Amino acid sequence: MLRRNCLLLFLCFLFEQSSCAPFQSRPGQEWPHSQTGPSAAGRNGGSKGFQRVKRGWVWNQFFVLEEYMGSDPQYVGKLHTDLDKGQSAVKYTLSGEGAGTIFTIDQITGDIHALRSLDREEKPYYTLRAQAVNIETNRPLESESEFVIKVQDINDNEPKFLEGPYTASVPEMSPVGTYVMKVTATDADDPTYGNSARVVYSILHGQPYFSVDPKTGVIRTALPNMDREVKELYQVLIQAKDMGGQLGGLAGTTTINITLSDVNDNPPRFSKSIFHLRVPESSAVGSAVGRIKAHDLDTGKNAEVEYNIVPGDGGAMFDIATNEHNQEGIIMLKKPLDYETKKAYTFKVEASNAHLDPRFHNFGPFKDTATVKINVLDVDEPPVFSKPSYAMDVYEDTPQGTIIGAVTAQDLDAGNSPVRYSIDWKSDLDSFFDIDPVRGTISTNELLDRESIAQHNISVVATKVNNPVLTSRVAVTVHVLDINEFPPELAMPYETFVCESAKVGQVIQVISARDQDLPQAGQRFSFKSPQEGVKTKNFTVRDFGNNTAGVVTLRGGFRRRSQEIYHLPVLIEDGGLQTLSSTSTLTIRVCGCDTDGSLLTCSAEAIFLHVGLSTGALIAILVCIVILLVIVVLYVGVRRQKKKETLMTSKEDIRDNVIHYDDEGGGEEDTHAFDMGTLRNPKVIKENLFRRDVKPELGLCPRRPIASQNTVIEYKHSDFRKMYIPQRKHKMRNFKYNLRPCK
């Protein structure tokens with residue numbers, strides 16, 4: 001190719017014709033020329049301005065090979081114009097991308113060279129501009145022209161897998177052609193030029209298990225029924241080669257790790273057909289007896305195993321569950337074991353997959369069966385009571401030492417050791433009972449009272465003689481039975497009344513009874529009147545048969561004025577083995593009632609009782625009323641006493657307030673000094689009364705009387721003293737005068 005390009009350049013250089021494709025000039029195009037150029041002046045006859053002339057040179061693009069390894073600069077092409085007559089009058093200039101650094105031009109010949117090796121993948125083309133100028137004046141002979149230098153591609157890049165290495169998964173037992181994944185290689189060479197970027201895929205390692213499409217890079221399975229349990233991981237090496245896979249093309253590789261995912265294609269299998277286990281007879285119910293395991297070659301949920309005990313002779317004594325972590329079958333005890341009863345058990349266990357795949361049903365049943373033999377080991381056990389619990393009955397007040405029952409325990413081991421009995425002292429703190437240590441008989445140690453404790457709960461301990469550490473306990477309940485020792489009595493104190501308008505046979509009161517005894521069959525009482533057979537009767541007792549009775553009138557016309565209160569004896573009997581009875585008396589009052597039998601009038605106590613007030617409540621109300629009356633009387637008396645003492649104190653103060661005057665009276669002819677009428681009638685005294693014949697001093701004015709000053713007016717006139725003063729003296733004490741300066 002390099003030889004061909006050089007030949008083309010050589011031909012163009014010789015002929016300088018437009019027939020050369022890379023450097024061909026197109027006829028008919030013209031270049032403008034400067035009017036000042038010397039060539040233009042010669043050709044145009046010295047005319048001024050620009051003139052359109054025939055274009056002397058045109059080119060589109062040059063080509064340069066990438067990765068040039070020669071020692072000399074690589075020749076790119078040649079620029080030439082028709083104005084260049086070979087007289088060295090034209091100079092060529094070059095500008096643009098890489099001008100002077102990557103590309104250079106010979107200013108005289110127009111030859112272009114590349115100074116260094118170029119990489120198309122780094123930059124595929126360069127845009128430059130060329131111009132022909134006068135070598136002497138540097139004036140353009142033609143306008144500047146733009147051209148492109150393309151870097152011609154060579155196959156210098158191999159295909160690359162940018163995302164490798166890859167990881168993929170495909171289910172095991174997949175059919176041929178099952179899609180696995182797709183890989184893609186990228187070639188940096190020019191895909192539009194030659195086959196440098198045309199990639200073909202192939203498998204270098206991984207056959208015959210997988211295949212790859214040479215054009216698309218899709219990987220598929222190539223073998224059927226690949227088993228994960230045989231081989232799980234496959235490493236496939238894929239090659240991508242350019243030049244269409246031809247000899248001399250560049251290649252790249254990548255690795256694909258393909259894993260076969262699990263499917264449930266294997267049933268569980270026991271490692272052996274018989275499992276032997278041993279378990280002590282003392283093992284607790286629910287405890288683990290042993291473990292068995294069925295192995296499944298699958299993984300995950302496909303390896304989950306379910307265990308079941310096949311119904312049989314020994315299967316009822318045990319149960320089995322699956323351990324979720326290791327898929328083991330845990331055999332657990334379902335019922336208590338007894339070596340003396342049965343020494344060995346045999347049953348079958350079935351293991352099966354929990355999640356089945358219908359595609360592999362034709363492989364056979366996905367389950368396996370094994371036999372389990374369990375031997376029971378003898379253990380020295382504590383004594384065993386004949387019953388889980390005991391119940392005994394004893395009558396209260398039973399004499400001490402009376403046997404009320406017995407407990408029995410036995411050693412079931414081969415040694416058959418003797419057993420000794422005792423009562424746990426914590427369950428019988430008061431020592432009401434005793435037990436025979438050999439026979440196990442229980443007797444009373446104290447007198448029992450049902451009314452104090454009706455039931456005793458004690459614990460009996462049985463101990464083996466040859467191994468006292470082994471003990472067992474049993475609960476014994478002793479019921480204390482009642483004996484008829486208390487007579488019945490009325491359930492409550494009844495307050496009964498009968499209306500004056502009561503009729504014959506009317507039930508005026510319903511009564512019931514109570515008994516401190518508690519017969520086993522429940523209480524049963526009977527009622528009757530001991531007056532039966534007496535000719536004159538007013539009331540009787542009628543037994544209703546349900547532990548209640550009614551008080552019934554035998555006549556009518558009851559009157560309070562004739563008799564207000566009646567007494568009715570009632571005989572009550574219980575239903576014990578030894579019948580006891582008692583007689584109670586009902587008090588019946590005669591009261592007035594309205595037409596419907598409601599109480600209207602009766603004694604004061606009866607009225608209040610009818611509305612729900614008892615005698616104690618009435619007494620409390622009366623006491624409160626009396627206390628209130630006493631408080632009121634005391635309060636009034638204290639108020640009166642305080643008022644009287646205040647009045648006496650006021651009089652004594654008036655008596656002590658006396659004002660003495662030094663003026664002498666004018667005698668009986670002095671009628672202007674004082675008003676004589678005032679002495680005769682004190683009621684007409686005015687507050688601001690002054691003497692008529694004496695001018696009051698300036699600055700003095702009358703004040704209201706003050707209790708601290710008392711005034712007694714003394715007269716020398718004997719007539720007034722004899723006649724009026726003795727009679728009015730006590731009235732004048734109420735007048736008080738107080739003179740103060742007037743403001």
# chains A, B, ... in the order shown; residues from 1 in each chain; ligands from 1
$ residues_around --residues "Glu451 (chain A)" --least-positions-apart "4" --cutoff "10 Å" --atoms "only C-alpha atoms" --output "JSON, numbers by chain"
{"A": [396, 480, 481, 482, 516, 517, 518]}
$ write_last_selection --atoms "all heavy atoms" --output "compact mmCIF listing (two decimals), in the first residue's frame"
# COMPACT_ATOMS: atom_id res chain seq x y z
N GLU A 396 -65.06 -35.11 112.11
CA GLU A 396 -64.46 -34.26 113.13
C GLU A 396 -64.68 -34.88 114.52
O GLU A 396 -65.59 -35.68 114.72
CB GLU A 396 -65.06 -32.86 113.06
CG GLU A 396 -66.54 -32.77 113.29
CD GLU A 396 -67.07 -31.35 113.22
OE1 GLU A 396 -66.27 -30.41 113.41
OE2 GLU A 396 -68.27 -31.16 112.98
N VAL A 480 -62.31 -33.36 106.32
CA VAL A 480 -62.91 -33.47 107.65
C VAL A 480 -64.42 -33.37 107.48
O VAL A 480 -64.94 -32.33 107.03
CB VAL A 480 -62.39 -32.36 108.58
CG1 VAL A 480 -63.01 -32.50 109.97
CG2 VAL A 480 -60.86 -32.43 108.67
N LEU A 481 -65.13 -34.46 107.85
CA LEU A 481 -66.58 -34.51 107.68
C LEU A 481 -67.27 -33.91 108.89
O LEU A 481 -66.80 -34.03 110.02
CB LEU A 481 -67.04 -35.96 107.47
CG LEU A 481 -66.39 -36.70 106.29
CD1 LEU A 481 -66.95 -38.12 106.20
CD2 LEU A 481 -66.62 -35.95 105.00
N ASP A 482 -68.38 -33.29 108.63
CA ASP A 482 -69.11 -32.59 109.68
C ASP A 482 -70.01 -33.57 110.44
O ASP A 482 -70.60 -34.49 109.86
CB ASP A 482 -69.95 -31.48 109.06
CG ASP A 482 -70.64 -30.64 110.11
OD1 ASP A 482 -70.04 -30.42 111.17
OD2 ASP A 482 -71.78 -30.21 109.86
N GLN A 516 -74.55 -23.92 111.37
CA GLN A 516 -73.10 -23.91 111.27
C GLN A 516 -72.54 -25.24 110.79
O GLN A 516 -71.40 -25.31 110.34
CB GLN A 516 -72.49 -23.54 112.63
CG GLN A 516 -72.86 -22.14 113.11
CD GLN A 516 -72.17 -21.77 114.41
OE1 GLN A 516 -71.16 -22.37 114.76
NE2 GLN A 516 -72.74 -20.81 115.13
N ASP A 517 -73.32 -26.29 110.89
CA ASP A 517 -72.89 -27.59 110.38
C ASP A 517 -73.00 -27.60 108.85
O ASP A 517 -73.72 -26.81 108.24
CB ASP A 517 -73.75 -28.71 110.96
CG ASP A 517 -73.58 -28.80 112.47
OD1 ASP A 517 -72.43 -28.65 112.93
OD2 ASP A 517 -74.58 -28.98 113.18
N LEU A 518 -72.26 -28.51 108.23
CA LEU A 518 -72.27 -28.63 106.78
C LEU A 518 -72.42 -30.09 106.39
O LEU A 518 -71.44 -30.80 106.20
CB LEU A 518 -70.97 -28.07 106.18
CG LEU A 518 -70.90 -28.05 104.65
CD1 LEU A 518 -71.99 -27.17 104.07
CD2 LEU A 518 -69.54 -27.59 104.19
$ residues_around --residues "Asn155 (chain A)" --least-positions-apart "4" --cutoff "9 Å" --atoms "only C-alpha atoms" --output "PyMOL selection string"
chain A and resi 189-190+194-197+242-243+249-250
$ atom_distance --atom1 "CA of Thr254 (chain A)" --atom2 "CA of Pro191 (chain A)"
21.7 Å
$ closest_residue --among "A:Val349, A:Leu115, A:Leu94, A:Ala251" --to "Met69 (chain A)" --atoms "only C-alpha atoms"
A:Leu115
$ residues_around --residues "Val376 (chain A)" --least-positions-apart "3" --cutoff "9 Å" --atoms "only C-alpha atoms" --output "PDB file with C-alpha atoms, in the first residue's frame"
ATOM      1  CA  LEU A 277     -29.612 -46.267  70.027  1.00  0.00           C
ATOM      2  CA  ARG A 278     -29.653 -46.608  73.805  1.00  0.00           C
ATOM      3  CA  VAL A 279     -31.686 -44.556  76.287  1.00  0.00           C
ATOM      4  CA  PRO A 280     -31.993 -44.692  80.104  1.00  0.00           C
ATOM      5  CA  GLU A 281     -35.446 -45.457  81.382  1.00  0.00           C
ATOM      6  CA  LEU A 337     -40.030 -45.519  79.559  1.00  0.00           C
ATOM      7  CA  ASP A 338     -40.003 -48.447  81.959  1.00  0.00           C
ATOM      8  CA  TYR A 339     -37.242 -50.988  81.737  1.00  0.00           C
ATOM      9  CA  LYS A 342     -40.305 -53.197  77.950  1.00  0.00           C
ATOM     10  CA  LYS A 343     -36.585 -53.292  77.305  1.00  0.00           C
ATOM     11  CA  ALA A 344     -36.336 -52.509  73.548  1.00  0.00           C
ATOM     12  CA  TYR A 345     -38.236 -50.746  70.757  1.00  0.00           C
TER      13      TYR A 345
END
$ residues_around --residues "Phe63 (chain A)" --least-positions-apart "2" --cutoff "9 Å" --atoms "only C-alpha atoms" --output "count of residues only"
11
$ atom_distance --atom1 "CA of Arg116 (chain A)" --atom2 "CA of Gly70 (chain A)"
9.3 Å
$ select_by_dssp --residues "region 63-155 of chain A" --states "strand (DSSP E)" --output "JSON, numbers by chain"
{"A": [63, 64, 65, 74, 75, 76, 77, 78, 90, 91, 92, 93, 94, 95, 96, 103, 104, 105, 111, 112, 113, 114, 125, 126, 127, 128, 129, 130, 131, 132, 133, 134, 145, 146, 147, 148, 149, 150, 151, 152]}
$ closest_residue --among "A:Ala321, A:Val636, A:Leu554, A:Met492" --to "Ser584 (chain A)" --atoms "only C-alpha atoms"
A:Met492
$ residues_around --residues "Pro311 (chain A)" --least-positions-apart "4" --cutoff "10 Å" --atoms "only C-alpha atoms" --output "PyMOL selection string"
chain A and resi 315-316+347-349
$ write_last_selection --atoms "all heavy atoms" --output "JSON list (two decimals), in the first residue's frame"
[["chain", "number", "residue", "atom", "x", "y", "z"],
["A", 315, "GLY", "N", -43.30, -47.16, 67.39],
["A", 315, "GLY", "CA", -43.37, -45.78, 66.96],
["A", 315, "GLY", "C", -44.18, -44.89, 67.86],
["A", 315, "GLY", "O", -43.96, -43.67, 67.90],
["A", 316, "ALA", "N", -45.11, -45.43, 68.61],
["A", 316, "ALA", "CA", -45.97, -44.61, 69.45],
["A", 316, "ALA", "C", -45.23, -44.03, 70.64],
["A", 316, "ALA", "O", -45.68, -43.06, 71.25],
["A", 316, "ALA", "CB", -47.17, -45.43, 69.92],
["A", 347, "PHE", "N", -38.54, -49.49, 65.25],
["A", 347, "PHE", "CA", -39.48, -48.82, 64.34],
["A", 347, "PHE", "C", -38.69, -48.33, 63.14],
["A", 347, "PHE", "O", -37.45, -48.35, 63.12],
["A", 347, "PHE", "CB", -40.21, -47.67, 65.03],
["A", 347, "PHE", "CG", -39.30, -46.67, 65.67],
["A", 347, "PHE", "CD1", -38.82, -45.58, 64.97],
["A", 347, "PHE", "CD2", -38.90, -46.83, 67.00],
["A", 347, "PHE", "CE1", -37.98, -44.66, 65.56],
["A", 347, "PHE", "CE2", -38.07, -45.92, 67.60],
["A", 347, "PHE", "CZ", -37.60, -44.82, 66.89],
["A", 348, "LYS", "N", -39.40, -47.89, 62.10],
["A", 348, "LYS", "CA", -38.79, -47.41, 60.86],
["A", 348, "LYS", "C", -39.00, -45.90, 60.73],
["A", 348, "LYS", "O", -40.04, -45.37, 61.12],
["A", 348, "LYS", "CB", -39.38, -48.13, 59.65],
["A", 348, "LYS", "CG", -38.98, -49.60, 59.56],
["A", 348, "LYS", "CD", -39.50, -50.24, 58.28],
["A", 348, "LYS", "CE", -39.04, -51.69, 58.18],
["A", 348, "LYS", "NZ", -39.49, -52.33, 56.93],
["A", 349, "VAL", "N", -37.99, -45.27, 60.14],
["A", 349, "VAL", "CA", -38.02, -43.83, 59.90],
["A", 349, "VAL", "C", -37.88, -43.60, 58.40],
["A", 349, "VAL", "O", -37.02, -44.19, 57.75],
["A", 349, "VAL", "CB", -36.91, -43.10, 60.67],
["A", 349, "VAL", "CG1", -36.89, -41.62, 60.31],
["A", 349, "VAL", "CG2", -37.09, -43.28, 62.16]]
$ residues_around --residues "Tyr166 (chain A)" --least-positions-apart "3" --cutoff "8 Å" --atoms "only C-alpha atoms" --output "PyMOL selection string"
chain A and resi 163+254-257
$ atom_distance --atom1 "CA of Thr186 (chain A)" --atom2 "CA of Asp153 (chain A)"
16.0 Å
$ closest_residue --among "A:Val474, A:Val551, A:Ala406, A:Val90" --to "Asp424 (chain A)" --atoms "only C-alpha atoms"
A:Val474
$ closest_residue --among "A:Thr540, A:Thr548, A:Ser581, A:Thr341" --to "Val510 (chain A)" --atoms "only C-alpha atoms"
A:Thr548
